[in-house]
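Chemist: Next up is a structure, given as structure tokens.
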Amino acid sequence: MAIMNIREAILSTLHAEMERDGDIMLLGEDVVGGNGTAGGPEAIGGIWGTSTGLWAKFGPDRVIDTPISESAIIGAAAGAALAGKRPVAELMFADFVGVSMDQLWNQMAKFRYMFGGKTRCPAVVRMVYGAGMQTAAQHSQSVYALLTAIPGLKVVLPTTPADAKGLLTEALRGDDPVMFFEHKALYGVKGEVPEGEHRVPFGQARMVREGGDVTVVACGRMVNFAEKAADKLAAEGIGIDLLDLRTTSPMDEDAILDSVEQTGRLVVVDESPPRCSLAADVAALVAARAFTSLKAPPAMLTGPHAPIPFSRGLERAWLPSPQTIEGAVRRTLAFR
Amino acid sequence: MLQLGHDQLLGAYRRMATIRAFEERLHDEIKTGEIGGFTHLYAGQEAVAVAICDQLTVEDKIVSTHRGHGHCIAKGCDVTGMMLEIYGRADGLCKGRGGSMHIADLAVGMLGANGIVGGGAPQAVGAALAAKVDGRGRVGVAFSGDGACNQGTTFEAMNLAVVTKAPAIFVFENNHYSEHTGDAYAVGTARDIASRAEAFGMKVWRADGCDFFATYEAFRELLEHVRGGGGPAAIELDTERFYGHFEGDPQRYRGPGELDRIRAERDCLKGFRARVTGAGLLTAAELDAVDAEVAALIDAAVATARAAADPDPATVADDVYVEYY
């Protein structure tokens with residue numbers, strides 16, 4: 001085991017996988033950085049520190065700085081994947097998926113189906129998401145629910161360094177387009193990472209802790225918030241089954257249903273607005289398939305039906321928090 | 001010097017000096033940790049915003065970029081309202097909801113800064129098409145950088161403007177850096193953005209964006225062309241970014257001494273001062289007095305913003321719709 005943070009886990013996985021597989025390419029804005037400047041290439045090494053050293057090691061054909069052109073970045077990744085490569089496209093902010101939506105939604109996601117199952121599109125789109133840093137309405141969004149709704153895409157959200165390595169490796173070895181979400185507030189989270197090959201299969205949720213009283217389902221940064229809430233509640237003897245979904249497409253329905261069948265109570269925490277959200281999806285699953293186990297209505301804890309505001313206090317009010325998760329658990333337990 | 005009178009010259013200097021002081025003060029204030037999020041400073045490019053917006057009316061519309069403070073001030077946004085917004089206060093121009101990247105003031109024809117590179121150009125064409133319907137000779141202006149010139153939205157907007165003969169103006173401020181990458185790498189047309197606009201079928205101008213007078217004169221000709229029904233037009237301005245892409249950017253892509261050199265040789269405010277005092281149009285004392293006024297204005301704006309109240313968290317979901325359901 002090595003101790004590293006999520007940023008380092010992603011970077012070292014990219015280094016290792018690009019070493020192993022000469023078909024893996026990386027493209028995105030400032031993934032090299034400094035091209036065409038006095039400072040020269042690698043003056044930046046990727047603004048998130050997740051691509052440092054790749055250009056020097058693998059060269060400009062495989063590590064490509066792009067102009068600010070998100071449609072072309074995603075479309076080029078789709079095309080390179082159809083042409084037999086394994087491109088990794090980076091969106092500096094997940095919000096920019098809006099610019100590239102057609103290439104993702106109408107093109108990359110649908111190739112295999114439209115072409116009668118005769119093609120593979122093994123592209124990985126890494127995108128940086130999440131609120132909490134006052135980056136406002138166009139740089140803070142968690143668009144995983146939007147992409148989870150698109151047939152043909154797989155959606156992955158690591159919350160630990162070990163999962164970052166395991167899920168990214170899995171994405172790079174698989175043959176389907178994968179949307180890989182990296183939360184900007186989680187890059188510094190440290191943890192143990194297995195040495196050597198480490199793969200985490202998609203569709204297997206991680207049981208973060210077992211407590212038996214209430215099932216809390218979360219993904220991304222909301223898992224960390226839920227852990228804080230669970231610590232507080234544990235001190236009072238309230239036990240939480242905390243499930244980190246890890247991937248929302250595919251989603252580990254069995255893990256959710258198994259836990260709710262035991263606890264009878266569900267809180268879903270989702271860093272996005274409520275409508276057609278992951279929270280709504282999980283709540284619907286439980287209502288439809290674990291109805292007789294339920295002792296309380298499934299609770300959805302999300303942001304409001306509003307864009308993410310800039311002002312610190314407003315942003316805090318927008319986001320679920322350990323406190324609001326704790327409150328939701330208490331309300332669910334109090335339901336009679 | 002051109003046809004600009006004493007008051008117009010002094011006003012232009014005041015607006016440029018206001019932008020500079022606003023940005024330099026933000027550069028310092030951000031280090032205190034009181035201002036959150038991303039802030040992209042416009043310092044170095046003041047001559048562009050002012051030489052252009054000084055020739056527009058309040059009915060002409062502009063759309064801006066993530067580096068939008070200069071456009072806002074030049075178009076007439078309230079400086080204190082902007083500062084309040086950047087501090088995320090309830091009385092900010094956008095009630096603290098938008099922040100630095102999303103300042104807008106429709107009352108002065110400023111349709112918004114934009115967090116999406118290339119997000120604005122189509123909207124300027126829309127404003128131009130609206131102006132065409134109104135028939136009062138108004139224009140829609142898109143400010144874009146050497147980064148946004150590579151976005152499909154910008155290409156589509158240019159072609160749409162040409163085929164609809166919209167009174168749209170594409171202002172390309174080439175500060176030579178799209179975020180952390182040089183225009184020598186990222187702009188395929190050999191650092192020449194205007195030729196792209198020309199290829200779409202519009203008339204183009206080029207000028208030194210660090211020279212207020214050259215920019216003013218080129219844009220005066222351009223505006224005459226567009227207002228006269230000549231269709232859309234573009235101008236590329238060679239300018240400089242005195243700070244990083246965002247505040248906190250270590251700027252390792254800069255060459256040794258580069259920032260000192262551009263500040264010494266390419267400072268539009270210094271150039272303006274030398275020209276107007278050299279020609280006897282304004283005195284150094286007049287300009288110094290403006291500098292002092294501006295410094296006091298910015299001091300007051302910061303003091304107001306620091307002391308101001310934050311928005312009520314209970315209002316977080318207000319302003320999503322005009323009519324709620």
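Chain labels follow the order of the structure tokens: the first chain is A, the next B, and so on; residue numbering restarts at 1 in every chain, and ligands are counted from 1 in their shown order.
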Would you list the contacts of Ala186 (chain B) as an MDAnalysis selection string, taking every protein, DNA or RNA residue within 9 Å and counting only C-alpha atoms, but skipping same-chain residues closer than 3 positions in sequence?
Modeler: (chainID A and resid 35:36 65:68) or (chainID B and resid 146:147 150 177:178 181:183 191)
Chemist: Quick check: residues of chain B within 8 Å of chain A, only C-alpha atoms, returned as a PyMOL selection string.
Modeler: chain B and resi 36-38+87-89+96-99+101+115-117+147-148+150-152+178-187+252-255+310-318+320
Chemist: Based on the backbone DSSP call, show me all residues of region 40-93 of chain A assigned helix (DSSP H, G or I), as a PyMOL selection string.
Modeler: chain A and resi 54-58+70-82
Chemist: Based on the selection just made, write N, CA and C atoms of those residues as a CSV table (one decimal), in the first residue's frame.
Modeler:
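Result file part.csv:
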chain,number,residue,atom,x,y,z
A,54,LEU,N,3.4,13.8,-18.3
A,54,LEU,CA,2.9,12.9,-19.3
A,54,LEU,C,3.4,13.3,-20.7
A,55,TRP,N,3.4,14.5,-21.0
A,55,TRP,CA,3.9,15.0,-22.3
A,55,TRP,C,5.4,14.7,-22.4
A,56,ALA,N,6.2,14.9,-21.4
A,56,ALA,CA,7.6,14.7,-21.5
A,56,ALA,C,7.9,13.2,-21.7
A,57,LYS,N,7.0,12.4,-21.1
A,57,LYS,CA,7.3,10.9,-21.2
A,57,LYS,C,6.7,10.3,-22.5
A,58,PHE,N,5.5,10.8,-22.9
A,58,PHE,CA,4.8,10.1,-24.0
A,58,PHE,C,4.7,10.9,-25.3
A,70,GLU,N,-14.2,22.7,-26.7
A,70,GLU,CA,-14.7,21.5,-26.0
A,70,GLU,C,-15.5,20.6,-27.0
A,71,SER,N,-16.2,21.1,-27.9
A,71,SER,CA,-16.9,20.2,-28.9
A,71,SER,C,-15.8,19.4,-29.6
A,72,ALA,N,-14.8,20.0,-30.0
A,72,ALA,CA,-13.7,19.3,-30.8
A,72,ALA,C,-13.0,18.3,-29.9
A,73,ILE,N,-12.8,18.7,-28.7
A,73,ILE,CA,-12.1,17.8,-27.8
A,73,ILE,C,-12.9,16.5,-27.6
A,74,ILE,N,-14.1,16.6,-27.3
A,74,ILE,CA,-15.0,15.4,-27.1
A,74,ILE,C,-15.2,14.6,-28.4
A,75,GLY,N,-15.4,15.4,-29.5
A,75,GLY,CA,-15.6,14.8,-30.8
A,75,GLY,C,-14.4,14.1,-31.3
A,76,ALA,N,-13.2,14.7,-31.1
A,76,ALA,CA,-11.9,14.0,-31.5
A,76,ALA,C,-11.7,12.8,-30.6
A,77,ALA,N,-12.1,12.8,-29.4
A,77,ALA,CA,-11.9,11.6,-28.6
A,77,ALA,C,-12.8,10.5,-29.1
A,78,ALA,N,-14.1,10.9,-29.5
A,78,ALA,CA,-15.0,9.9,-30.0
A,78,ALA,C,-14.4,9.3,-31.3
A,79,GLY,N,-13.9,10.1,-32.1
A,79,GLY,CA,-13.4,9.7,-33.4
A,79,GLY,C,-12.1,8.8,-33.2
A,80,ALA,N,-11.2,9.2,-32.3
A,80,ALA,CA,-10.0,8.5,-32.1
A,80,ALA,C,-10.4,7.1,-31.5
A,81,ALA,N,-11.4,7.1,-30.7
A,81,ALA,CA,-11.9,5.8,-30.1
A,81,ALA,C,-12.4,4.9,-31.2
A,82,LEU,N,-13.2,5.4,-32.1
A,82,LEU,CA,-13.7,4.6,-33.2
A,82,LEU,C,-12.6,4.1,-34.1
Chemist: Find the residues around Gly237 (chain A) up to 12 Å (only C-alpha atoms counted), leave out those fewer than 4 positions away in its own chain, and share them as a PyMOL selection string.
Modeler: chain A and resi 211-214+230-233
Chemist: Next, dump the selected residues to file, keeping only N, CA and C atoms, as a compact mmCIF listing (two decimals), in the first residue's frame.
Modeler:
# COMPACT_ATOMS: atom_id res chain seq x y z
N GLY A 211 -24.33 0.22 9.87
CA GLY A 211 -24.88 0.64 11.16
C GLY A 211 -26.27 0.09 11.42
N GLY A 212 -27.01 -0.20 10.36
CA GLY A 212 -28.26 -0.92 10.50
C GLY A 212 -29.53 -0.11 10.73
N ASP A 213 -29.42 1.16 11.13
CA ASP A 213 -30.64 1.92 11.42
C ASP A 213 -31.22 2.65 10.21
N VAL A 214 -30.34 3.32 9.47
CA VAL A 214 -30.77 4.10 8.30
C VAL A 214 -29.77 3.86 7.17
N ALA A 230 -22.50 10.59 9.97
CA ALA A 230 -22.60 9.26 10.58
C ALA A 230 -21.77 9.17 11.86
N ASP A 231 -20.59 9.82 11.85
CA ASP A 231 -19.75 9.85 13.07
C ASP A 231 -20.53 10.47 14.22
N LYS A 232 -21.16 11.58 13.93
CA LYS A 232 -21.89 12.32 14.96
C LYS A 232 -23.03 11.46 15.49
N LEU A 233 -23.77 10.85 14.56
CA LEU A 233 -24.93 10.05 14.96
C LEU A 233 -24.51 8.78 15.70
Chemist: List every residue of region 59-230 of chain B that DSSP, applied to the backbone, labels as strand (DSSP E or B), and write the result as a PyMOL selection string.
Modeler: chain B and resi 61-63+105+110+140-145+168-174+177-178+181-182+203-208
Chemist: I'd like the contact shell of Cys210 (chain B) - 8 Å cut-off, only C-alpha atoms, skipping same-chain residues fewer than 5 positions apart - returned as number ranges by chain.
Modeler: B: 44-48, 215, 238-240, 266-268, 271
Chemist: Please list as a VMD selection string every residue within 10 Å of Thr169 (chain A), counting only C-alpha atoms and excluding residues in the same chain fewer than 5 positions away.
Modeler: chain A and resid 10 13 to 14 16 to 17 163 to 164 174 197 to 201
Chemist: Write out, as a PDB file, in the first residue's frame, the residues just selected, with C-alpha atoms.
Modeler:
ATOM      1  CA  ILE A  10      -5.080   9.711 -10.960  1.00  0.00           C
ATOM      2  CA  THR A  13      -2.590   5.676 -12.907  1.00  0.00           C
ATOM      3  CA  LEU A  14      -2.401   7.663 -16.135  1.00  0.00           C
ATOM      4  CA  ALA A  16       1.160   3.517 -15.544  1.00  0.00           C
ATOM      5  CA  GLU A  17      -1.650   2.850 -18.000  1.00  0.00           C
ATOM      6  CA  ASP A 163     -11.042   3.956  -5.945  1.00  0.00           C
ATOM      7  CA  ALA A 164      -9.598   6.705  -8.136  1.00  0.00           C
ATOM      8  CA  GLY A 174     -13.016  -1.209 -20.736  1.00  0.00           C
ATOM      9  CA  GLU A 197      -2.650  -3.621 -10.759  1.00  0.00           C
ATOM     10  CA  HIS A 198      -5.807  -2.530  -8.991  1.00  0.00           C
ATOM     11  CA  ARG A 199      -9.189  -2.601 -10.676  1.00  0.00           C
ATOM     12  CA  VAL A 200     -12.554  -1.748  -9.179  1.00  0.00           C
ATOM     13  CA  PRO A 201     -15.408  -3.196 -11.220  1.00  0.00           C
TER      14      PRO A 201
END
Chemist: Need the shell around Ala2 (chain A): protein/DNA/RNA residues with any atom at most 9 Å away, counting only C-alpha atoms. Skip same-chain ones fewer than 2 positions apart. Format as a VMD selection string?
Modeler: chain A and resid 4 191 to 195
Chemist: Using only C-alpha atoms, which of the listed residues (B:Thr57, B:Thr189, B:Thr304, B:Thr154) sits closest to Gly76 (chain B)?
Modeler: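 Nearest candidate to Gly76 (chain B) out of B:Thr57, B:Thr189, B:Thr304, B:Thr154: B:Thr57.
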Chemist: Find the spatial neighbours of Phe272 (chain B), counting only C-alpha atoms, within a cut-off of 12 Å - ignore same-chain residues fewer than 5 positions away - and output them as a PyMOL selection string.
Modeler: chain B and resi 1+9-10+12-14+16-17+46-47+50-51+209-216+266-267+277-279+281-284+287
Chemist: So how many Å separate CA of Ala301 (chain B) and CA of Asp78 (chain B), to one decimal?
Modeler: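 Taking CA of Ala301 (chain B) as the start and CA of Asp78 (chain B) as the end point, the length is 9.9 Å.
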Chemist: How many Å separate CA of Thr248 (chain A) from CA of Leu147 (chain A)?
Modeler: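 It comes out at 9.4 Å.
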Chemist: In Å to one decimal, how far is CA of Ala49 (chain B) from CA of Gln3 (chain B)?
Modeler: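 A separation of 18.8 Å between them.
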